[in-house]
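Read the structure below first, then the notes.
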Amino acid sequence: MLSLMFVFALFLTACGSSSSQESSGEAETEEKEEKKTLRVVTDAAYAPMEYQDKGEVVGFDIDFVKAVAKEAGYEVKVDHVGWDPIFVEIEGERADLAVSSITINDERKQTYDFSVPYFQSTNKILTPEGSDIKSAEDLKGKKVAVQNGTTGQAAMDALLGKNHKDIKKFEDNNLAIMEMESGGAAAVVADNVVVEEYAKNNPDKKLTVIEDADFDSEFYGLLFPKGSDLPEEFNRAINSILDDGTYTEIYKKWFGTEPNIDILKEQQ
């Protein structure tokens with residue numbers, strides 16, 4: 001009788017252990033399933049930040065968002081949709097977030113949520129060598145090409161007047177630059193990384209990049225639908241990769257210099 005009771009006790013213990021292991025395994029599976037693949041939208045016409053290479057979307061922003069998502073425990077699927085559609089997709093909650101050199105400003109904050117800043121930028125002027133344009137003031141009376149809906153356009157609206165006839169707006173910066181090169185505009189105003197990279201990669205076109213103190217620094221953030229639960233998680237992840245050297249590694253890969261981590265932290 002005692003032997004039978006002992007065997008029965010062992011059986012119950014084994015069942016309990018197995019049940020416990022199964023519950024633990026189920027919990028782990030559920031936790032993994034919670035971390036879904038996020039849809040990220042971008043405008044892949046903004047090298048070196050985001051652009052298409054042999055059908056793949058690549059660039060600093062793409063490496064950055066993948067690193068941040070990994071730190072937060074997510075996978076990402078990046079879709080090139082164009083500049084204006086980014087905001088439509090996010091506002092309609094058809095995408096989880098956007099990364100596309102999107103400047104954080106008060107107007108956009110009314111409709112969308114942002115992450116903490118992850119990149120410092122400023123607008124600069126791109127002109128042909130030998131141009132008489134040496135500053136922003138010299139753009140007055142000249143045709144200036146910009147990407148529609150960007151801070152480059154906003155800078156020209158502030159300088160020349162909103163919807164001024166001399167501001168030529170294009171779907172992306174590549175088209176704006178082509179307009180200048182064909183003689184349809186005297187200059188392009190766009191984010192510094194874009195015009196600097198273009199001038200560096202096209203030395204045969206003999207272009208000059210001009211900095212002007214009238215253009216304020218601006219900061220890029222990840223864009224989320226209003227009320228999204230993701231910004232808090234992504235903010236923690238951004239700070240983690242700023243602190244552990246991952247961000248610096250990505251920045252140096254694309255720009256060959258050290259980033260100013262302190263100024264990004266000061267903006268939080």
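Every chain in the structure tokens takes a letter, A first, then B, and so on in the order presented; its residues are numbered from 1, and the ligands are numbered from 1 following the presented order.
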
Per-residue nearest contacts of segment 16-124 of chain A to segment 208-211 of chain A (9 Å; only C-alpha atoms) as a tab-separated table:
```
residue	atom	partner	partner_atom	distance
A:Thr122	CA	A:Glu211	CA	8.8
A:Asn123	CA	A:Glu211	CA	7.8
A:Lys124	CA	A:Glu211	CA	5.2
```

Residues of segment 194-259 of chain A at most 12 Å from segment 144-161 of chain A: nearest atom pair and distance in Å, only C-alpha atoms, as JSON lines:
```
{"residue": "A:Val194", "atom": "CA", "partner": "A:Gly152", "partner_atom": "CA", "distance": 11.4}
{"residue": "A:Val195", "atom": "CA", "partner": "A:Gly152", "partner_atom": "CA", "distance": 11.5}
{"residue": "A:Asp212", "atom": "CA", "partner": "A:Ala155", "partner_atom": "CA", "distance": 11.4}
{"residue": "A:Asp214", "atom": "CA", "partner": "A:Ala155", "partner_atom": "CA", "distance": 9.1}
{"residue": "A:Phe215", "atom": "CA", "partner": "A:Ala155", "partner_atom": "CA", "distance": 7.3}
{"residue": "A:Asp216", "atom": "CA", "partner": "A:Ala155", "partner_atom": "CA", "distance": 9.3}
{"residue": "A:Ser217", "atom": "CA", "partner": "A:Thr151", "partner_atom": "CA", "distance": 10.7}
{"residue": "A:Glu218", "atom": "CA", "partner": "A:Thr151", "partner_atom": "CA", "distance": 8.9}
{"residue": "A:Phe219", "atom": "CA", "partner": "A:Thr151", "partner_atom": "CA", "distance": 10.9}
{"residue": "A:Tyr220", "atom": "CA", "partner": "A:Thr151", "partner_atom": "CA", "distance": 11.1}
```

Q.
Run DSSP on the backbone and tell me which residues of segment 16-231 of chain A come out as strand (DSSP E or B); list them as a ChimeraX atom specification.
A. /A:37-42,45-46,50-53,56-58,75-80,97-98,103,112-114,119-128,144-147,167-170,187-191,207-210,217-220,223-225

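Nearest residue to Glu171 of chain A, choosing from A:Gly256, A:Gly82, A:Gly245, A:Gly184 and counting only C-alpha atoms: A:Gly82.
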
Q) Neighbours of Asp43 of chain A within 10 Å (only C-alpha atoms; same-chain residues fewer than 4 positions away dropped), as a PyMOL selection string? A) chain A and resi 49-52+57+79-86+98-101+172

Q: Find the residues near Gln110 of chain A: any atom within 12 Å, counting only C-alpha atoms, skip ones fewer than 2 places away on the same chain, and give them as an MDAnalysis selection string.
A: chainID A and resid 91 104:108 112:114 224:227

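A straight line drawn from atom CA of Gln268 of chain A to atom CA of Ala237 of chain A is 13.6 Å long.
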
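Here atom CA of Asn239 of chain A and atom CA of Glu75 of chain A stand 18.4 Å from one another.
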
Q. By how many Å are atom CA of Thr37 of chain A and atom CA of Val78 of chain A apart?
A. 10.2 Å

Q | Surrounding residues of Glu71 of chain A excluding itself and chain neighbours under 5 positions, 9 Å, only C-alpha atoms, as number ranges by chain | A | A: 66, 234, 236-238, 240-241
